[in-house]
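Note: the block below is input-v4.cif and it holds mmCIF, C-alpha atoms (C1' of nucleotides).
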```cif
data_work
#
loop_
_atom_site.label_atom_id
_atom_site.label_comp_id
_atom_site.auth_asym_id
_atom_site.auth_seq_id
_atom_site.Cartn_x
_atom_site.Cartn_y
_atom_site.Cartn_z
CA MET A 988 -23.86 -2.68 -21.21
CA GLU A 989 -20.63 -1.07 -20.21
CA LYS A 990 -22.48 0.53 -17.33
CA GLU A 991 -23.78 -2.80 -16.12
CA ARG A 992 -20.35 -4.32 -16.27
CA ILE A 993 -18.93 -1.52 -14.16
CA ALA A 994 -21.75 -1.76 -11.65
CA LEU A 995 -21.13 -5.49 -11.30
CA LEU A 996 -17.41 -4.86 -10.88
CA ILE A 997 -17.95 -2.32 -8.13
CA GLN A 998 -20.39 -4.67 -6.41
CA LYS A 999 -17.89 -7.52 -6.41
CA LEU A 1000 -15.20 -5.25 -5.06
CA GLU A 1001 -17.49 -4.06 -2.29
CA ASP A 1002 -18.40 -7.62 -1.34
CA SER A 1003 -14.79 -8.69 -1.14
CA ALA A 1004 -13.77 -5.57 0.75
CA GLY A 1005 -16.45 -6.12 3.34
CA ALA A 1006 -15.25 -9.62 4.02
CA ALA A 1007 -11.61 -8.62 4.39
CA GLU A 1008 -9.52 -6.03 6.08
CA PHE A 1009 -9.06 -2.63 4.55
CA PRO A 1010 -5.53 -1.24 4.39
CA ILE A 1011 -4.48 0.33 7.62
CA VAL A 1012 -4.46 3.87 6.34
CA THR A 1013 -7.94 3.42 4.94
CA GLN A 1014 -9.06 2.00 8.28
CA LEU A 1015 -7.71 5.07 9.99
CA ALA A 1016 -9.54 7.19 7.47
CA GLU A 1017 -12.79 5.32 8.04
CA THR A 1018 -12.61 5.48 11.82
CA ARG A 1019 -11.38 9.01 12.21
CA ARG A 1020 -13.01 10.80 9.24
CA ASP A 1021 -10.45 13.50 9.88
CA PRO A 1022 -9.33 15.44 6.81
CA PHE A 1023 -6.20 16.58 8.65
CA LEU A 1024 -5.18 12.99 9.34
CA ILE A 1025 -5.89 12.04 5.74
CA LEU A 1026 -3.83 14.95 4.50
CA ILE A 1027 -0.82 14.26 6.69
CA SER A 1028 -0.86 10.52 6.12
CA THR A 1029 -1.10 11.09 2.39
CA VAL A 1030 1.89 13.39 2.53
CA LEU A 1031 3.75 10.72 4.48
CA SER A 1032 2.76 8.04 2.00
CA LEU A 1033 4.80 9.52 -0.84
CA ARG A 1034 7.31 6.86 -1.88
CA THR A 1035 6.40 4.80 1.18
CA LYS A 1036 4.61 1.53 1.79
CA ASP A 1037 1.19 1.48 3.39
CA GLU A 1038 2.16 -0.22 6.66
CA VAL A 1039 5.08 2.13 7.22
CA THR A 1040 2.83 5.09 6.48
CA ALA A 1041 0.22 3.87 8.96
CA THR A 1042 2.75 3.34 11.74
CA ALA A 1043 4.24 6.77 11.16
CA THR A 1044 0.82 8.40 11.10
CA GLU A 1045 -0.20 6.79 14.37
CA ARG A 1046 3.05 7.72 16.09
CA LEU A 1047 2.84 11.31 14.89
CA PHE A 1048 -0.82 11.71 15.82
CA SER A 1049 -0.23 10.27 19.26
CA LEU A 1050 2.04 13.27 19.78
CA ALA A 1051 -0.18 15.85 18.12
CA SER A 1052 -3.47 15.65 16.25
CA THR A 1053 -4.18 19.26 15.31
CA PRO A 1054 -2.26 21.81 13.23
CA GLU A 1055 -1.55 23.93 16.29
CA THR A 1056 -0.14 21.17 18.48
CA MET A 1057 1.74 19.63 15.58
CA LEU A 1058 3.41 22.94 14.78
CA GLU A 1059 4.71 23.00 18.35
CA LEU A 1060 6.74 19.89 17.61
CA SER A 1061 10.26 20.50 16.36
CA GLU A 1062 11.43 19.12 13.05
CA GLU A 1063 13.57 16.68 14.98
CA GLU A 1064 10.60 15.40 16.97
CA ILE A 1065 8.57 14.94 13.80
CA ARG A 1066 11.49 13.20 12.10
CA GLN A 1067 11.76 10.68 14.90
CA ALA A 1068 8.02 10.02 14.89
CA ILE A 1069 7.72 9.40 11.16
CA TYR A 1070 10.96 7.47 10.56
CA PRO A 1071 11.46 5.49 8.36
CA VAL A 1072 9.14 6.89 5.70
CA GLY A 1073 10.81 7.99 2.50
CA PHE A 1074 12.07 11.57 2.32
CA TYR A 1075 11.47 11.95 6.04
CA ARG A 1076 13.81 14.92 6.37
CA ASN A 1077 11.92 16.90 3.75
CA LYS A 1078 8.58 15.77 5.03
CA SER A 1079 9.18 16.90 8.61
CA ARG A 1080 9.82 20.39 7.28
CA GLN A 1081 6.92 20.18 4.86
CA ILE A 1082 4.48 19.11 7.57
CA ARG A 1083 5.35 22.11 9.71
CA GLU A 1084 4.86 24.43 6.74
CA ILE A 1085 1.48 22.88 6.00
CA CYS A 1086 0.42 23.29 9.64
CA ARG A 1087 1.51 26.92 9.65
CA ASP A 1088 -0.36 27.51 6.39
CA LEU A 1089 -3.52 25.84 7.67
CA ILE A 1090 -3.46 28.00 10.78
CA GLU A 1091 -2.70 31.28 9.04
CA ARG A 1092 -4.77 30.98 5.89
CA PHE A 1093 -7.54 28.50 6.64
CA SER A 1094 -8.26 29.00 10.36
CA SER A 1095 -6.71 25.64 11.25
CA ARG A 1096 -9.04 23.68 8.99
CA VAL A 1097 -8.16 21.60 5.99
CA PRO A 1098 -9.79 23.29 2.97
CA ASP A 1099 -12.26 21.26 0.91
CA SER A 1100 -11.62 22.77 -2.50
CA LEU A 1101 -9.14 21.47 -5.03
CA GLU A 1102 -7.63 24.88 -5.60
CA ASP A 1103 -6.95 25.57 -1.92
CA LEU A 1104 -5.51 22.11 -1.34
CA LEU A 1105 -3.14 22.50 -4.28
CA SER A 1106 -1.85 25.74 -2.76
CA LEU A 1107 -0.42 23.81 0.19
CA LYS A 1108 3.27 22.96 0.18
CA GLY A 1109 3.99 19.70 -1.57
CA VAL A 1110 0.35 18.89 -2.25
CA GLY A 1111 -0.30 17.90 -5.86
CA GLN A 1112 -3.20 16.55 -7.85
CA LYS A 1113 -3.23 13.07 -6.36
CA THR A 1114 -2.86 14.11 -2.74
CA ALA A 1115 -5.55 16.75 -3.17
CA ASN A 1116 -7.97 14.31 -4.79
CA LEU A 1117 -7.40 11.72 -2.10
CA VAL A 1118 -8.15 14.25 0.64
CA LEU A 1119 -11.34 15.28 -1.17
CA SER A 1120 -12.37 11.67 -1.66
CA LEU A 1121 -11.45 10.10 1.68
CA GLY A 1122 -11.60 13.18 3.87
CA PHE A 1123 -14.69 14.92 2.50
CA GLU A 1124 -16.41 12.13 0.55
CA LYS A 1125 -16.50 14.26 -2.56
CA ASP A 1126 -16.59 13.04 -6.14
CA ALA A 1127 -12.87 12.80 -6.79
CA ILE A 1128 -10.63 10.07 -8.12
CA CYS A 1129 -7.04 9.87 -6.98
CA VAL A 1130 -5.19 7.97 -9.67
CA ASP A 1131 -2.17 6.70 -7.79
CA THR A 1132 -0.12 3.73 -8.92
CA HIS A 1133 -2.64 1.22 -7.53
CA VAL A 1134 -5.61 2.81 -9.23
CA HIS A 1135 -3.65 3.16 -12.44
CA ARG A 1136 -2.47 -0.43 -12.46
CA ILE A 1137 -5.79 -2.03 -11.57
CA SER A 1138 -7.95 0.12 -13.79
CA ASN A 1139 -5.89 -1.20 -16.67
CA ARG A 1140 -5.85 -4.80 -15.44
CA LEU A 1141 -9.63 -4.69 -15.15
CA GLY A 1142 -9.88 -3.34 -18.66
CA LEU A 1143 -11.73 -0.19 -17.65
CA VAL A 1144 -9.13 1.89 -19.44
CA SER A 1145 -6.13 1.32 -21.62
CA THR A 1146 -3.60 3.96 -20.72
CA LYS A 1147 0.09 4.45 -20.13
CA THR A 1148 0.27 7.16 -17.48
CA PRO A 1149 -1.78 7.86 -14.33
CA GLU A 1150 -2.71 11.23 -15.82
CA GLN A 1151 -4.24 9.56 -18.86
CA THR A 1152 -6.02 7.15 -16.56
CA GLU A 1153 -7.52 9.99 -14.58
CA SER A 1154 -9.13 11.64 -17.58
CA ALA A 1155 -10.13 8.30 -19.09
CA LEU A 1156 -11.84 7.20 -15.87
CA GLN A 1157 -13.81 10.43 -15.76
CA ASN A 1158 -15.41 9.40 -19.04
CA VAL A 1159 -15.92 5.73 -18.22
CA LEU A 1160 -16.76 5.55 -14.53
CA PRO A 1161 -20.20 6.86 -13.48
CA ARG A 1162 -19.83 9.76 -11.12
CA ARG A 1163 -21.70 8.08 -8.30
CA TYR A 1164 -18.84 5.59 -7.93
CA TRP A 1165 -16.03 8.11 -7.80
CA SER A 1166 -15.77 8.59 -4.05
CA ARG A 1167 -15.86 4.82 -3.41
CA TYR A 1168 -13.51 3.89 -6.20
CA ASN A 1169 -10.31 4.87 -4.42
CA THR A 1170 -11.03 2.94 -1.26
CA LEU A 1171 -12.14 -0.14 -3.11
CA LEU A 1172 -9.31 -0.23 -5.58
CA VAL A 1173 -6.57 0.52 -3.11
CA SER A 1174 -7.93 -2.13 -0.78
CA PHE A 1175 -8.15 -4.62 -3.64
CA GLY A 1176 -4.73 -3.56 -4.91
CA GLN A 1177 -3.02 -4.21 -1.62
CA ARG A 1178 -4.82 -7.39 -0.64
CA VAL A 1179 -5.08 -9.19 -3.94
CA CYS A 1180 -4.11 -7.39 -7.12
CA ARG A 1181 -0.62 -6.53 -5.90
CA PRO A 1182 2.03 -5.08 -8.18
CA LEU A 1183 4.31 -8.05 -7.55
CA SER A 1184 3.02 -11.59 -7.17
CA PRO A 1185 -0.71 -10.87 -7.39
CA LEU A 1186 -2.94 -13.43 -5.69
CA CYS A 1187 -4.86 -14.30 -8.84
CA SER A 1188 -5.93 -17.69 -7.47
CA SER A 1189 -8.05 -16.01 -4.78
CA CYS A 1190 -9.23 -13.10 -6.89
CA PRO A 1191 -12.88 -12.27 -6.14
CA LEU A 1192 -13.39 -11.04 -9.68
CA CYS A 1193 -12.65 -14.37 -11.33
"C1'" DA B 1027 22.48 -3.96 -8.00
"C1'" DA B 1028 17.81 -2.99 -9.16
"C1'" DA B 1029 13.15 -2.27 -8.47
"C1'" DA B 1030 9.59 -1.01 -5.70
"C1'" DC B 1031 6.90 2.00 -2.69
"C1'" DG B 1032 -0.64 5.12 -2.98
"C1'" DG B 1033 4.52 11.92 -6.03
"C1'" DG B 1034 5.84 16.57 -6.53
"C1'" DG B 1035 8.20 20.35 -8.61
"C1'" DG B 1036 11.10 22.66 -11.92
"C1'" DC B 1037 12.21 23.26 -16.47
"C1'" DG C 389 7.62 15.97 -22.37
"C1'" DC C 390 12.03 15.15 -19.33
"C1'" DC C 391 14.79 15.12 -15.16
"C1'" DC C 392 15.68 15.57 -10.33
"C1'" DC C 393 14.64 14.81 -5.62
"C1'" DA C 394 16.15 11.10 -1.84
"C1'" DG C 395 14.98 6.78 2.34
"C1'" DT C 396 14.14 2.27 2.98
"C1'" DT C 397 12.79 -2.52 2.04
"C1'" DT C 398 12.30 -6.27 -1.10
"C1'" DT C 399 13.83 -9.08 -4.88
#
```

Conversion result in structure tokens:
Amino acid sequence: MEKERIALLIQKLEDSAGAAEFPIVTQLAETRRDPFLILISTVLSLRTKDEVTATATERLFSLASTPETMLELSEEEIRQAIYPVGFYRNKSRQIREICRDLIERFSSRVPDSLEDLLSLKGVGQKTANLVLSLGFEKDAICVDTHVHRISNRLGLVSTKTPEQTESALQNVLPRRYWSRYNTLLVSFGQRVCRPLSPLCSSCPLC
DNA sequence: AAAACGGGGGC
DNA sequence: GCCCCAGTTTT
């Protein structure tokens, strides 16, 4: 019964997502299927709105789209490309360190294991899971603020922190939905179920 | 002025 | 668990 409810929920989310626009970062992810782009844009997204993140990602990747070429950019060049994302001074340094690390330790490829991803500078649980999910289509759930908020609003879980949500979802949500869950919820969270002034009147779930 | 934005790290 | 980090926009 709970399974059927979840299946119906996912179906409704998929229907509404197909009829509308995905968030820009997710669009980039869908079109490019490039783990490196996913990784960098996720790093940029920390404390930053989606549209700003997308603009910064596009500007940066128009200058360089591989670890090698990106490492050739100076911190100043990266700073200018990604402004005004939050923490842009730290991030320009961090991005160069990640590029250097990818080149030296992973032959210029983004690793596809949780452990290796976590070993990169400034990459934590959520960033790593998002790269696995969006970049490699693996069974991972990135419980960011959107996923946390909406999972509770939908009544799938009843939790206080994103960490609690992550473990709770692993028990509730069938594994076959994991890789789609992020895309669907983040899309839904930005289009409709927004943190402030949610568009409840046009909610596809009601 | 405060809250918000797809956190991470150190302790 | 708590606290710090630190840039900008929105309310």

Residues selected by the PyMOL selection byres ((chain A) within 9 of (chain C)), written as a short mmCIF file (atom, residue, chain, number, x, y, z; two decimals) with C-alpha atoms, in the frame of the given file:
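Result went into selection_23.cif, see below:
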```
data_model
loop_
_atom_site.label_atom_id
_atom_site.label_comp_id
_atom_site.auth_asym_id
_atom_site.auth_seq_id
_atom_site.Cartn_x
_atom_site.Cartn_y
_atom_site.Cartn_z
CA ARG A 1034 7.31 6.86 -1.88
CA THR A 1035 6.40 4.80 1.18
CA PRO A 1071 11.46 5.49 8.36
CA VAL A 1072 9.14 6.89 5.70
CA GLY A 1073 10.81 7.99 2.50
CA PHE A 1074 12.07 11.57 2.32
CA TYR A 1075 11.47 11.95 6.04
#
```

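Evaluating the PyMOL selection byres ((chain B) within 7 of (chain A)) against the shown model yields DC1031, DG1032, DG1033 and DG1034 of chain B.
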
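Here the PyMOL selection byres ((chain A and resi 1166-1168) around 6) matches the residues A:Ser1120, A:Glu1124, A:Lys1125, A:Asp1126, A:Ala1127, A:Tyr1164, A:Trp1165, A:Asn1169, A:Thr1170, A:Leu1171, A:Leu1172.
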
Å distance separating CA of Glu1062 (chain A) from CA of Arg1076 (chain A), one decimal place
8.2 Å

Could you check how far CA of Val1097 (chain A) sits from CA of Arg1066 (chain A), in Å to one decimal?
22.2 Å

Could you give me, as a PyMOL selection string, the residues that have an atom at most 10 Å away from the point (7.4, 18.7, 14.7) in the coordinates of the file, using only C-alpha atoms (C1' of nucleotides)?
chain A and resi 1047+1050-1051+1056-1069+1079-1083+1086

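The interatomic distance for the pair CA of Arg992 (chain A) and CA of Leu1121 (chain A) works out to 24.7 Å.
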
Neighbours of Pro1161 (chain A) within 10 Å (all atoms listed in the file; same-chain residues fewer than 4 positions away dropped), as a PyMOL selection string?
chain A and resi 990+993-994+1156-1157+1165
